[in-house]
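Coordinates as given in coords_23.cif (mmCIF, C-alpha atoms):
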```cif
data_start
#
loop_
_atom_site.group_PDB
_atom_site.id
_atom_site.type_symbol
_atom_site.label_atom_id
_atom_site.label_comp_id
_atom_site.auth_asym_id
_atom_site.auth_seq_id
_atom_site.Cartn_x
_atom_site.Cartn_y
_atom_site.Cartn_z
ATOM 1 C CA MET A 3 10.426 14.580 15.979
ATOM 2 C CA TYR A 4 7.707 14.438 13.329
ATOM 3 C CA ILE A 5 6.181 17.225 11.269
ATOM 4 C CA ILE A 6 2.575 16.786 10.165
ATOM 5 C CA VAL A 7 1.965 19.182 7.284
ATOM 6 C CA GLY A 8 -1.555 19.910 6.085
ATOM 7 C CA LEU A 9 -1.574 21.422 2.609
ATOM 8 C CA GLY A 10 -3.900 24.285 1.719
ATOM 9 C CA ASN A 11 -4.227 27.935 0.766
ATOM 10 C CA PRO A 12 -3.981 30.543 3.544
ATOM 11 C CA ASP A 13 -6.507 33.216 2.506
ATOM 12 C CA LYS A 14 -9.865 33.309 4.268
ATOM 13 C CA LYS A 15 -11.670 32.921 0.929
ATOM 14 C CA TYR A 16 -10.187 29.397 0.645
ATOM 15 C CA GLU A 17 -11.338 28.219 4.089
ATOM 16 C CA HIS A 18 -13.154 24.877 3.959
ATOM 17 C CA THR A 19 -12.736 24.447 0.216
ATOM 18 C CA ARG A 20 -11.955 21.022 -1.198
ATOM 19 C CA HIS A 21 -8.322 22.001 -1.822
ATOM 20 C CA ASN A 22 -7.898 22.903 1.868
ATOM 21 C CA VAL A 23 -8.447 19.384 3.169
ATOM 22 C CA GLY A 24 -4.989 19.465 4.767
ATOM 23 C CA PHE A 25 -5.818 22.578 6.772
ATOM 24 C CA ASP A 26 -9.158 21.100 7.889
ATOM 25 C CA VAL A 27 -7.482 17.896 9.091
ATOM 26 C CA LEU A 28 -4.865 19.990 10.945
ATOM 27 C CA SER A 29 -7.689 21.866 12.641
ATOM 28 C CA VAL A 30 -9.121 18.552 13.884
ATOM 29 C CA LEU A 31 -5.675 17.420 15.059
ATOM 30 C CA SER A 32 -5.095 20.742 16.801
ATOM 31 C CA SER A 33 -8.360 20.333 18.700
ATOM 32 C CA LYS A 34 -7.914 16.622 19.533
ATOM 33 C CA LEU A 35 -4.331 17.069 20.732
ATOM 34 C CA ASN A 36 -4.849 20.487 22.329
ATOM 35 C CA ILE A 37 -2.048 21.970 20.224
ATOM 36 C CA PRO A 38 -2.772 25.520 19.034
ATOM 37 C CA ILE A 39 -1.293 26.318 15.612
ATOM 38 C CA THR A 40 -0.222 29.903 16.252
ATOM 39 C CA LYS A 41 3.572 30.175 15.982
ATOM 40 C CA SER A 42 5.217 31.347 12.799
ATOM 41 C CA HIS A 43 8.274 29.423 11.595
ATOM 42 C CA GLY A 44 9.556 30.451 8.204
ATOM 43 C CA LYS A 45 6.700 30.046 5.790
ATOM 44 C CA ALA A 46 4.207 28.173 7.989
ATOM 45 C CA LEU A 47 2.013 28.465 11.045
ATOM 46 C CA VAL A 48 3.045 25.817 13.551
ATOM 47 C CA GLY A 49 1.906 24.218 16.780
ATOM 48 C CA GLU A 50 4.191 21.983 18.830
ATOM 49 C CA GLY A 51 3.280 19.133 21.153
ATOM 50 C CA THR A 52 3.601 15.375 21.591
ATOM 51 C CA ILE A 53 1.934 12.124 20.594
ATOM 52 C CA ASP A 54 2.739 9.258 22.971
ATOM 53 C CA GLY A 55 5.883 11.078 24.109
ATOM 54 C CA GLN A 56 7.073 11.736 20.540
ATOM 55 C CA LYS A 57 7.628 15.422 19.737
ATOM 56 C CA ILE A 58 5.541 16.699 16.832
ATOM 57 C CA ALA A 59 4.851 19.901 14.965
ATOM 58 C CA LEU A 60 1.556 20.559 13.211
ATOM 59 C CA ALA A 61 2.253 22.861 10.262
ATOM 60 C CA ALA A 62 0.053 24.866 7.882
ATOM 61 C CA PRO A 63 2.114 26.336 5.022
ATOM 62 C CA GLN A 64 1.359 29.991 4.284
ATOM 63 C CA THR A 65 2.833 29.889 0.762
ATOM 64 C CA TYR A 66 -0.287 28.875 -1.187
ATOM 65 C CA MET A 67 -0.686 25.360 -2.473
ATOM 66 C CA ASN A 68 1.518 25.572 -5.572
ATOM 67 C CA LEU A 69 4.513 26.719 -3.482
ATOM 68 C CA SER A 70 4.063 24.254 -0.593
ATOM 69 C CA GLY A 71 7.602 22.956 -1.091
ATOM 70 C CA GLU A 72 9.062 26.265 0.104
ATOM 71 C CA ALA A 73 7.366 25.809 3.475
ATOM 72 C CA VAL A 74 8.212 22.108 3.731
ATOM 73 C CA VAL A 75 11.912 22.748 3.004
ATOM 74 C CA ALA A 76 11.991 25.560 5.592
ATOM 75 C CA LEU A 77 10.276 23.336 8.188
ATOM 76 C CA MET A 78 12.631 20.412 7.561
ATOM 77 C CA ASN A 79 15.610 22.742 7.968
ATOM 78 C CA TRP A 80 14.192 24.456 11.072
ATOM 79 C CA TYR A 81 13.412 21.185 12.867
ATOM 80 C CA LYS A 82 16.350 19.275 11.330
ATOM 81 C CA VAL A 83 14.014 16.502 10.226
ATOM 82 C CA ASP A 84 14.450 14.071 7.341
ATOM 83 C CA ALA A 85 11.658 13.347 4.834
ATOM 84 C CA SER A 86 10.991 10.059 6.653
ATOM 85 C CA HIS A 87 9.673 12.088 9.610
ATOM 86 C CA VAL A 88 7.309 14.279 7.590
ATOM 87 C CA ILE A 89 3.646 13.349 7.071
ATOM 88 C CA LEU A 90 1.797 15.270 4.356
ATOM 89 C CA ILE A 91 -2.000 15.551 4.289
ATOM 90 C CA PHE A 92 -3.798 16.737 1.161
ATOM 91 C CA ASP A 93 -6.794 16.354 -1.141
ATOM 92 C CA ASP A 94 -6.942 13.828 -3.974
ATOM 93 C CA VAL A 95 -9.300 14.260 -6.938
ATOM 94 C CA ASP A 96 -8.763 10.630 -7.984
ATOM 95 C CA LEU A 97 -10.180 9.095 -4.797
ATOM 96 C CA PRO A 98 -13.888 8.792 -3.998
ATOM 97 C CA GLU A 99 -15.215 11.556 -1.776
ATOM 98 C CA GLY A 100 -14.203 10.991 1.844
ATOM 99 C CA GLN A 101 -11.964 7.981 1.201
ATOM 100 C CA ILE A 102 -8.553 7.880 2.917
ATOM 101 C CA ARG A 103 -5.380 6.529 1.323
ATOM 102 C CA ILE A 104 -2.112 6.367 3.267
ATOM 103 C CA ARG A 105 1.170 5.722 1.500
ATOM 104 C CA ARG A 106 4.743 5.447 2.740
ATOM 105 C CA ASN A 107 6.041 7.264 -0.381
ATOM 106 C CA GLY A 108 5.317 7.758 -4.064
ATOM 107 C CA SER A 109 5.161 10.207 -6.905
ATOM 108 C CA ALA A 110 3.520 13.614 -6.749
ATOM 109 C CA GLY A 111 0.802 12.550 -9.172
ATOM 110 C CA THR A 112 -1.347 15.428 -10.408
ATOM 111 C CA HIS A 113 -1.291 17.427 -7.159
ATOM 112 C CA ASN A 114 0.538 20.738 -7.688
ATOM 113 C CA GLY A 115 1.426 21.151 -4.015
ATOM 114 C CA MET A 116 3.053 17.715 -3.983
ATOM 115 C CA ARG A 117 4.807 18.418 -7.276
ATOM 116 C CA ASN A 118 6.404 21.508 -5.740
ATOM 117 C CA ILE A 119 7.443 19.595 -2.612
ATOM 118 C CA VAL A 120 9.037 16.800 -4.642
ATOM 119 C CA SER A 121 10.704 19.306 -6.961
ATOM 120 C CA LEU A 122 12.243 21.433 -4.189
ATOM 121 C CA THR A 123 13.292 18.576 -1.894
ATOM 122 C CA GLY A 124 14.308 16.120 -4.586
ATOM 123 C CA ARG A 125 12.564 13.458 -2.478
ATOM 124 C CA GLN A 126 9.474 11.288 -2.870
ATOM 125 C CA ASP A 127 9.762 9.359 0.382
ATOM 126 C CA PHE A 128 7.272 11.445 2.352
ATOM 127 C CA ALA A 129 4.508 9.550 4.123
ATOM 128 C CA ARG A 130 1.179 10.934 2.996
ATOM 129 C CA ILE A 131 -2.478 10.839 3.850
ATOM 130 C CA ARG A 132 -4.622 11.548 0.813
ATOM 131 C CA VAL A 133 -8.272 12.429 1.327
ATOM 132 C CA GLY A 134 -10.593 11.867 -1.607
ATOM 133 C CA ILE A 135 -12.644 14.765 -2.916
ATOM 134 C CA ASN A 136 -13.776 13.076 -6.172
ATOM 135 C CA VAL A 137 -14.180 14.992 -9.416
ATOM 136 C CA PRO A 138 -17.582 15.475 -11.040
ATOM 137 C CA ARG A 139 -17.995 13.431 -14.191
ATOM 138 C CA ASN A 140 -19.160 16.456 -16.187
ATOM 139 C CA PRO A 141 -16.492 17.070 -18.881
ATOM 140 C CA ASN A 142 -17.371 20.790 -18.983
ATOM 141 C CA TYR A 143 -16.564 21.254 -15.307
ATOM 142 C CA GLN A 144 -13.349 23.157 -14.596
ATOM 143 C CA LEU A 145 -11.116 21.268 -12.139
ATOM 144 C CA ARG A 146 -9.794 24.522 -10.647
ATOM 145 C CA ASP A 147 -13.327 25.732 -9.887
ATOM 146 C CA PHE A 148 -14.192 22.401 -8.294
ATOM 147 C CA VAL A 149 -11.166 22.100 -5.995
ATOM 148 C CA LEU A 150 -11.418 25.744 -4.928
ATOM 149 C CA GLY A 151 -15.156 25.375 -4.317
ATOM 150 C CA LYS A 152 -16.877 24.683 -1.016
ATOM 151 C CA TYR A 153 -18.912 21.616 -0.126
ATOM 152 C CA THR A 154 -22.454 22.181 -1.327
ATOM 153 C CA THR A 155 -24.753 19.761 0.513
ATOM 154 C CA PRO A 156 -25.171 18.694 4.153
ATOM 155 C CA GLU A 157 -24.424 15.106 3.096
ATOM 156 C CA GLU A 158 -21.158 16.153 1.419
ATOM 157 C CA ARG A 159 -20.125 18.174 4.491
ATOM 158 C CA LYS A 160 -20.843 15.162 6.749
ATOM 159 C CA ILE A 161 -18.843 12.792 4.534
ATOM 160 C CA MET A 162 -15.882 15.147 4.517
ATOM 161 C CA PHE A 163 -16.036 15.890 8.252
ATOM 162 C CA ASP A 164 -15.903 12.128 8.899
ATOM 163 C CA ALA A 165 -12.931 11.936 6.515
ATOM 164 C CA PHE A 166 -11.142 14.719 8.414
ATOM 165 C CA MET A 167 -11.669 12.818 11.669
ATOM 166 C CA ASN A 168 -10.374 9.563 10.115
ATOM 167 C CA ALA A 169 -7.346 11.304 8.607
ATOM 168 C CA ALA A 170 -6.515 12.949 11.949
ATOM 169 C CA ASP A 171 -6.785 9.616 13.772
ATOM 170 C CA ALA A 172 -4.661 7.986 11.054
ATOM 171 C CA ALA A 173 -1.910 10.602 11.509
ATOM 172 C CA VAL A 174 -1.838 9.937 15.249
ATOM 173 C CA MET A 175 -1.694 6.179 14.658
ATOM 174 C CA MET A 176 1.139 6.559 12.123
ATOM 175 C CA ILE A 177 3.270 8.103 14.858
ATOM 176 C CA SER A 178 2.099 6.071 17.858
ATOM 177 C CA GLU A 179 1.755 2.614 16.264
ATOM 178 C CA GLY A 180 3.450 2.846 12.866
ATOM 179 C CA ILE A 181 2.420 3.440 9.286
ATOM 180 C CA ASP A 182 1.618 -0.222 8.559
ATOM 181 C CA LYS A 183 -1.076 -0.364 11.248
ATOM 182 C CA ALA A 184 -2.499 2.960 10.072
ATOM 183 C CA MET A 185 -2.631 1.740 6.466
ATOM 184 C CA ALA A 186 -4.345 -1.496 7.521
ATOM 185 C CA LYS A 187 -6.983 0.353 9.521
ATOM 186 C CA TYR A 188 -7.667 3.456 7.405
ATOM 187 C CA ASN A 189 -6.842 2.746 3.742
ATOM 188 C CA GLY A 190 -10.053 2.744 1.774
ATOM 189 C CA LYS A 191 -12.064 3.866 4.797
ATOM 190 C CA SER A 192 -14.817 6.342 4.038
ATOM 191 C CA LYS A 193 -18.229 7.490 5.184
#
```

Could the structure of this file be written out as structure tokens, please?
Amino acid sequence: MYIIVGLGNPDKKYEHTRHNVGFDVLSVLSSKLNIPITKSHGKALVGEGTIDGQKIALAAPQTYMNLSGEAVVALMNWYKVDASHVILIFDDVDLPEGQIRIRRNGSAGTHNGMRNIVSLTGRQDFARIRVGINVPRNPNYQLRDFVLGKYTTPEERKIMFDAFMNAADAAVMMISEGIDKAMAKYNGKSK
């Protein structure tokens, strides 16, 4: 059993913002795998299905980004899954727009959702798919406004849609063929 958790904020006003990359990738996965994300388990909306015979749950925390750990802990307890069977998908301001980076584990970095997950689980060994959203180089720009903002140009929307597709395919490959193959194929991939 694997849980693929896309991080984001649940309110409609946050739909398709840069910080909701995880939810957008889950939406692509839901469509590709024909797994509706409609059940409520604890603090997340969940859809259950399989990838190559392996049971999976697609999960969208409903706790808001900064409390993502509450949902992840509840999901791990509900499904009786260890951190090694959880894949987290989220935005990364330090990667170029649309670039994918898969890691087997690591620190939370500057991402508040990841910080909460690491803090509440006491673990850093979650596989993760980070999707670059890039930060503008303007020093007067507020990071919060940027990550909670929507994509502004058709080119930006196309780059990010391609990234969502790559991240979804990478998640499938991580389960069906292993994380090493997914890293080799998708790390650094963009546009």

Selection under test: the PyMOL selection byres ((chain A and resi 163) around 12); residues as a PyMOL selection string
chain A and resi 18+20+23+26-27+29-30+99-101+133-135+153+156-162+164-170+192-193

Take the residues from that selection and put them in a file with C-alpha atoms, as a PDB file, keeping the file's coordinate frame.
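File produced: out.pdb:
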```pdb
ATOM      1  CA  HIS A  18     -13.154  24.877   3.959  1.00  0.00           C
ATOM      2  CA  ARG A  20     -11.955  21.022  -1.198  1.00  0.00           C
ATOM      3  CA  VAL A  23      -8.447  19.384   3.169  1.00  0.00           C
ATOM      4  CA  ASP A  26      -9.158  21.100   7.889  1.00  0.00           C
ATOM      5  CA  VAL A  27      -7.482  17.896   9.091  1.00  0.00           C
ATOM      6  CA  SER A  29      -7.689  21.866  12.641  1.00  0.00           C
ATOM      7  CA  VAL A  30      -9.121  18.552  13.884  1.00  0.00           C
ATOM      8  CA  GLU A  99     -15.215  11.556  -1.776  1.00  0.00           C
ATOM      9  CA  GLY A 100     -14.203  10.991   1.844  1.00  0.00           C
ATOM     10  CA  GLN A 101     -11.964   7.981   1.201  1.00  0.00           C
ATOM     11  CA  VAL A 133      -8.272  12.429   1.327  1.00  0.00           C
ATOM     12  CA  GLY A 134     -10.593  11.867  -1.607  1.00  0.00           C
ATOM     13  CA  ILE A 135     -12.644  14.765  -2.916  1.00  0.00           C
ATOM     14  CA  TYR A 153     -18.912  21.616  -0.126  1.00  0.00           C
ATOM     15  CA  PRO A 156     -25.171  18.694   4.153  1.00  0.00           C
ATOM     16  CA  GLU A 157     -24.424  15.106   3.096  1.00  0.00           C
ATOM     17  CA  GLU A 158     -21.158  16.153   1.419  1.00  0.00           C
ATOM     18  CA  ARG A 159     -20.125  18.174   4.491  1.00  0.00           C
ATOM     19  CA  LYS A 160     -20.843  15.162   6.749  1.00  0.00           C
ATOM     20  CA  ILE A 161     -18.843  12.792   4.534  1.00  0.00           C
ATOM     21  CA  MET A 162     -15.882  15.147   4.517  1.00  0.00           C
ATOM     22  CA  ASP A 164     -15.903  12.128   8.899  1.00  0.00           C
ATOM     23  CA  ALA A 165     -12.931  11.936   6.515  1.00  0.00           C
ATOM     24  CA  PHE A 166     -11.142  14.719   8.414  1.00  0.00           C
ATOM     25  CA  MET A 167     -11.669  12.818  11.669  1.00  0.00           C
ATOM     26  CA  ASN A 168     -10.374   9.563  10.115  1.00  0.00           C
ATOM     27  CA  ALA A 169      -7.346  11.304   8.607  1.00  0.00           C
ATOM     28  CA  ALA A 170      -6.515  12.949  11.949  1.00  0.00           C
ATOM     29  CA  SER A 192     -14.817   6.342   4.038  1.00  0.00           C
ATOM     30  CA  LYS A 193     -18.229   7.490   5.184  1.00  0.00           C
TER      31      LYS A 193
END
```

At what distance in Å, to one decimal, does atom CA of A:Trp80 lie from atom CA of A:Asp13?
24.1 Å

Just give me the residues with any atom within 9 Å of (2.7, 21.1, 19.6), file coordinates, counting all atoms listed in the file, written as a count of residues only.
15

Could you tell me how far atom CA of A:Asp93 sits from atom CA of A:Asn22, in Å to one decimal place?
7.3 Å

Find the residues around A:Arg125 up to 12 Å (all atoms listed in the file counted), leave out those fewer than 3 positions away in its own chain, and share them as a count of residues only.
20

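As for atom CA of A:Thr154 and atom CA of A:Val95, they are spaced 16.3 Å apart.
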
Using all atoms listed in the file, which of the listed residues (A:Leu77, A:Asp182, A:Tyr188, A:Ile6) sits closest to A:Thr123?
A:Leu77

Residues picked by the PyMOL selection byres ((chain A and resi 148) around 10) here, as a PDB file with C-alpha atoms, in the coordinates of the input?
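And here's part39.pdb as it stands now:
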```
ATOM      1  CA  THR A  19     -12.736  24.447   0.216  1.00  0.00           C
ATOM      2  CA  ARG A  20     -11.955  21.022  -1.198  1.00  0.00           C
ATOM      3  CA  HIS A  21      -8.322  22.001  -1.822  1.00  0.00           C
ATOM      4  CA  VAL A  95      -9.300  14.260  -6.938  1.00  0.00           C
ATOM      5  CA  ILE A 135     -12.644  14.765  -2.916  1.00  0.00           C
ATOM      6  CA  ASN A 136     -13.776  13.076  -6.172  1.00  0.00           C
ATOM      7  CA  VAL A 137     -14.180  14.992  -9.416  1.00  0.00           C
ATOM      8  CA  PRO A 138     -17.582  15.475 -11.040  1.00  0.00           C
ATOM      9  CA  TYR A 143     -16.564  21.254 -15.307  1.00  0.00           C
ATOM     10  CA  GLN A 144     -13.349  23.157 -14.596  1.00  0.00           C
ATOM     11  CA  LEU A 145     -11.116  21.268 -12.139  1.00  0.00           C
ATOM     12  CA  ARG A 146      -9.794  24.522 -10.647  1.00  0.00           C
ATOM     13  CA  ASP A 147     -13.327  25.732  -9.887  1.00  0.00           C
ATOM     14  CA  VAL A 149     -11.166  22.100  -5.995  1.00  0.00           C
ATOM     15  CA  LEU A 150     -11.418  25.744  -4.928  1.00  0.00           C
ATOM     16  CA  GLY A 151     -15.156  25.375  -4.317  1.00  0.00           C
ATOM     17  CA  LYS A 152     -16.877  24.683  -1.016  1.00  0.00           C
ATOM     18  CA  TYR A 153     -18.912  21.616  -0.126  1.00  0.00           C
TER      19      TYR A 153
END
```

Could you tell me which of A:Gly55, A:Gly10, A:Gly115, A:Pro63 comes closest to A:Ser178 if we count only C-alpha atoms?
A:Gly55
